[in-house]
Amino acid sequence: MILQRYIASHLVRGWIMVFLVLATVFGLIGFIEEIGHTRFEYDAIEVARYILKTLPQQLIGLAPVIVLLGSMVALSGLDRSNELTIISCTGFPLRKLLGAVALPTLVLMALLWGAMEYVAPQLQQSAERERHLLRYRNDAKIPNGGLWSATGHRYIHLDKLYKGGIPGDISLYEFDESRQLTRALTARTAQVSPERRWLFEKVREKRLVDGELITGWHQELEIDNLWAADELPTLSTSSEGMPLSVMHRYSQYLRDSGQPADRYLNQFWQHLLMPLTVAAMVLLATPLSANLGARRDRSFGMRIGLGAVLGILFYLGAQITFAMGQLLHLNIPLVAAAPALIVTLCALVLLRRMRW
């Protein structure tokens with residue numbers, strides 16, 4: 001038990017060290033890129049705050065690479081000092097070694113799922129809102145021309161999102177089967193109620209009646225099957241900033257309403273299964289770093305270099321796999337699980353040939 005805790009503590013320290021190194025590198029790169037966009041109250045201090053808040057979301061995407069490098073740093077360090085050799089000579093079985101790396105890995109997987117749901121997306125959204133407020137001196141305008149959504153023959157455009165998640169400057173268009181405009185309305189604001197119902201306020205409506213568009217005015221008008229309240233704050237940022245639950249519900253809403261949902265479904269499954277890829281990476285790092293008696297001439301630096309190359313190849317390969325799966329319309333969960341399955345298979349082959 002003592003040896004297992006010793007190995008696990010070294011493993012965690014390796015992860016933390018690589019995490020801090022990559023956080024510093026990517027943080028500096030992001031700060032240098034963002035500093036050129038300062039204006040008004042958005043100064044260097046606020047840029048640093050923005051980078052610190054968005055960095056967790058960025059590093060979560062690199063978690064498989066971080067744990068691969070961190071595991072190789074930790075286990076190769078133990079091997080270099082002959083500690084793993086001594087541990088092996090005491091009769092410490094391979095299954096206990098795997099158990100020693102499994103426990104902190106399971107804790108890390110749980111932390112990653114929690115961070116993707118409750119921490120990183122919220123920090124990302126807060127950072128985007130604060131940056132927009134400071135750079136444009138308001139918190140209403142949604143960047144990139146607003147948001148569009150389509151449901152059947154209905155199209156809606158949202159131009160603003162006021163404080164408290166109140167949508168504003170809303171336009172809605174409805175068409176018939178021949179694609180002729182039958183209804184158009186604009187509203188100043190809307191109150192979002194449960195079950196995706198919006199109560200439009202100060203509405204100007206135009207309806208096609210006997211071939212003519214008749215204009216009418218309404219103080220309030222209820223429209224259903226629109227965005228949910230918890231989806232609105234995330235829609236003004238990238239889909240990467242959505243919590244897992246919101247991303248899943250929004251993708252289901254898009255699919256049920258006949259809109260393209262593959263983008264959100266792909267990202268949901270990639271994020272959901274990413275901790276499994278993290279576990280696979282730890283499993284792969286074990287035979288690569290603790291293969292006693294094999295390639296004793298390989299230096300510690302060579303092993304870390306191998307880990308860096310494998311990490312880069314994995315990241316590129318995963319992105320290519322996800323893109324090809326989307327282009328070929330392959331099974332989304334299977335494509336998302338493919339990197340973890342491939343890495344696990346390679347790790348099992350190496351474990352069978354491992355000298356311990």
# chains A, B, ... in the order shown; residues from 1 in each chain; ligands from 1

call {"tool": "select_by_dssp", "arguments": {"residues": "segment 6-203 of chain A", "states": "helix (DSSP H, G or I)", "output": "VMD selection string"}}
result
chain A and resid 6 to 37 44 to 61 63 to 80 83 to 89 94 to 136

call {"tool": "residues_around", "arguments": {"residues": "Leu199 of chain A", "least_positions_apart": "4", "cutoff": "6 Å", "atoms": "only C-alpha atoms", "output": "VMD selection string"}}
result
chain A and resid 190 to 191 221 to 222

call {"tool": "closest_atom_pairs", "arguments": {"of": "segment 95-138 of chain A", "to": "segment 161-169 of chain A", "cutoff": "12 Å", "atoms": "only C-alpha atoms", "output": "tab-separated table"}}
result
residue	atom	partner	partner_atom	distance
A:Arg129	CA	A:Lys163	CA	9.8
A:Glu130	CA	A:Lys163	CA	11.6
A:His132	CA	A:Leu161	CA	11.8
A:Leu133	CA	A:Lys163	CA	10.6
A:Asn138	CA	A:Tyr162	CA	9.1

call {"tool": "closest_residue", "arguments": {"among": "A:Leu208, A:Leu244, A:Cys89, A:Leu106", "to": "Ala8 of chain A", "atoms": "only C-alpha atoms"}}
result
A:Leu106

call {"tool": "residues_around", "arguments": {"residues": "Arg179 of chain A", "least_positions_apart": "3", "cutoff": "12 Å", "atoms": "only C-alpha atoms", "output": "short mmCIF file (atom, residue, chain, number, x, y, z; two decimals) with N, CA and C atoms, in the first residue's frame"}}
result
data_model
loop_
_atom_site.label_atom_id
_atom_site.label_comp_id
_atom_site.auth_asym_id
_atom_site.auth_seq_id
_atom_site.Cartn_x
_atom_site.Cartn_y
_atom_site.Cartn_z
N GLY A 152 -38.08 24.09 -38.98
CA GLY A 152 -39.03 23.90 -40.07
C GLY A 152 -38.97 25.06 -41.05
N HIS A 153 -40.10 25.75 -41.19
CA HIS A 153 -40.17 26.92 -42.09
C HIS A 153 -40.09 28.23 -41.31
N ARG A 154 -39.59 28.16 -40.08
CA ARG A 154 -39.47 29.37 -39.25
C ARG A 154 -38.00 29.70 -39.04
N TYR A 155 -37.67 30.98 -39.18
CA TYR A 155 -36.31 31.46 -38.97
C TYR A 155 -36.36 32.60 -37.96
N TYR A 173 -39.28 35.08 -38.91
CA TYR A 173 -39.86 34.97 -40.25
C TYR A 173 -40.41 33.57 -40.43
N GLU A 174 -41.62 33.47 -40.99
CA GLU A 174 -42.24 32.18 -41.28
C GLU A 174 -42.61 32.11 -42.76
N PHE A 175 -42.40 30.93 -43.36
CA PHE A 175 -42.64 30.72 -44.78
C PHE A 175 -43.57 29.53 -44.96
N ASP A 176 -44.29 29.49 -46.08
CA ASP A 176 -45.14 28.34 -46.37
C ASP A 176 -44.35 27.31 -47.18
N THR A 182 -44.98 34.31 -45.07
CA THR A 182 -46.36 34.43 -44.59
C THR A 182 -46.47 35.24 -43.30
N ARG A 183 -45.35 35.40 -42.61
CA ARG A 183 -45.39 36.13 -41.34
C ARG A 183 -44.00 36.65 -41.01
#

call {"tool": "select_by_dssp", "arguments": {"residues": "segment 26-249 of chain A", "states": "strand (DSSP E or B)", "output": "ChimeraX atom specification"}}
result
/A:39,42,141,147-151,154-162,166-175,181-193,197-209,212-223

call {"tool": "atom_distance", "arguments": {"atom1": "atom CA of Glu231 of chain A", "atom2": "atom CA of His248 of chain A"}}
result
10.6 Å

call {"tool": "closest_residue", "arguments": {"among": "A:Thr85, A:Ser71, A:Gln180, A:Gln125", "to": "Met242 of chain A", "atoms": "only C-alpha atoms"}}
result
A:Gln125

call {"tool": "residues_around", "arguments": {"residues": "segment 296-310 of chain A", "least_positions_apart": "3", "cutoff": "6 Å", "atoms": "only C-alpha atoms", "output": "list of chain:residue names"}}
result
A:Leu69, A:Leu313, A:Phe314

call {"tool": "write_last_selection", "arguments": {"atoms": "N, CA and C atoms", "output": "short mmCIF file (atom, residue, chain, number, x, y, z; two decimals), in the first residue's frame"}}
result
data_model
loop_
_atom_site.label_atom_id
_atom_site.label_comp_id
_atom_site.auth_asym_id
_atom_site.auth_seq_id
_atom_site.Cartn_x
_atom_site.Cartn_y
_atom_site.Cartn_z
N LEU A 69 2.42 13.05 -21.12
CA LEU A 69 3.75 13.59 -20.78
C LEU A 69 4.01 13.52 -19.29
N LEU A 313 1.35 13.62 -32.29
CA LEU A 313 0.74 12.74 -33.29
C LEU A 313 -0.67 12.35 -32.89
N PHE A 314 -0.86 12.11 -31.59
CA PHE A 314 -2.20 11.75 -31.13
C PHE A 314 -3.17 12.91 -31.35
#

call {"tool": "closest_atom_pairs", "arguments": {"of": "segment 29-108 of chain A", "to": "segment 280-288 of chain A", "cutoff": "12 Å", "atoms": "only C-alpha atoms", "output": "Markdown table"}}
result
| residue | atom | partner | partner_atom | distance |
| --- | --- | --- | --- | --- |
| A:Leu62 | CA | A:Met281 | CA | 11.8 |
| A:Ala63 | CA | A:Met281 | CA | 9.6 |
| A:Pro64 | CA | A:Met281 | CA | 6.2 |
| A:Val65 | CA | A:Met281 | CA | 7.8 |
| A:Ile66 | CA | A:Met281 | CA | 9.3 |
| A:Val67 | CA | A:Val282 | CA | 6.4 |
| A:Leu68 | CA | A:Met281 | CA | 5.3 |
| A:Leu69 | CA | A:Ala285 | CA | 8.0 |
| A:Gly70 | CA | A:Val282 | CA | 8.8 |
| A:Ser71 | CA | A:Ala285 | CA | 6.0 |
| A:Met72 | CA | A:Ala285 | CA | 5.6 |
| A:Val73 | CA | A:Ala285 | CA | 9.4 |
| A:Ala74 | CA | A:Ala285 | CA | 9.8 |
| A:Leu75 | CA | A:Thr286 | CA | 7.2 |
| A:Ser76 | CA | A:Leu288 | CA | 8.5 |
| A:Leu78 | CA | A:Thr286 | CA | 11.6 |
| A:Asp79 | CA | A:Leu288 | CA | 10.9 |
| A:Leu84 | CA | A:Thr286 | CA | 11.4 |
| A:Leu94 | CA | A:Thr286 | CA | 10.4 |
| A:Arg95 | CA | A:Thr286 | CA | 11.7 |
| A:Leu97 | CA | A:Thr286 | CA | 8.9 |
| A:Leu98 | CA | A:Leu283 | CA | 7.9 |
| A:Gly99 | CA | A:Leu283 | CA | 10.6 |
| A:Ala100 | CA | A:Thr286 | CA | 10.8 |
| A:Val101 | CA | A:Val282 | CA | 7.5 |
| A:Ala102 | CA | A:Val282 | CA | 8.3 |
| A:Leu103 | CA | A:Val282 | CA | 11.2 |
| A:Pro104 | CA | A:Val282 | CA | 10.1 |
| A:Thr105 | CA | A:Val282 | CA | 7.5 |
| A:Leu106 | CA | A:Val282 | CA | 10.6 |
| A:Leu108 | CA | A:Val282 | CA | 10.9 |

call {"tool": "atom_distance", "arguments": {"atom1": "atom CA of Asp210 of chain A", "atom2": "atom CA of Leu172 of chain A"}}
result
20.7 Å
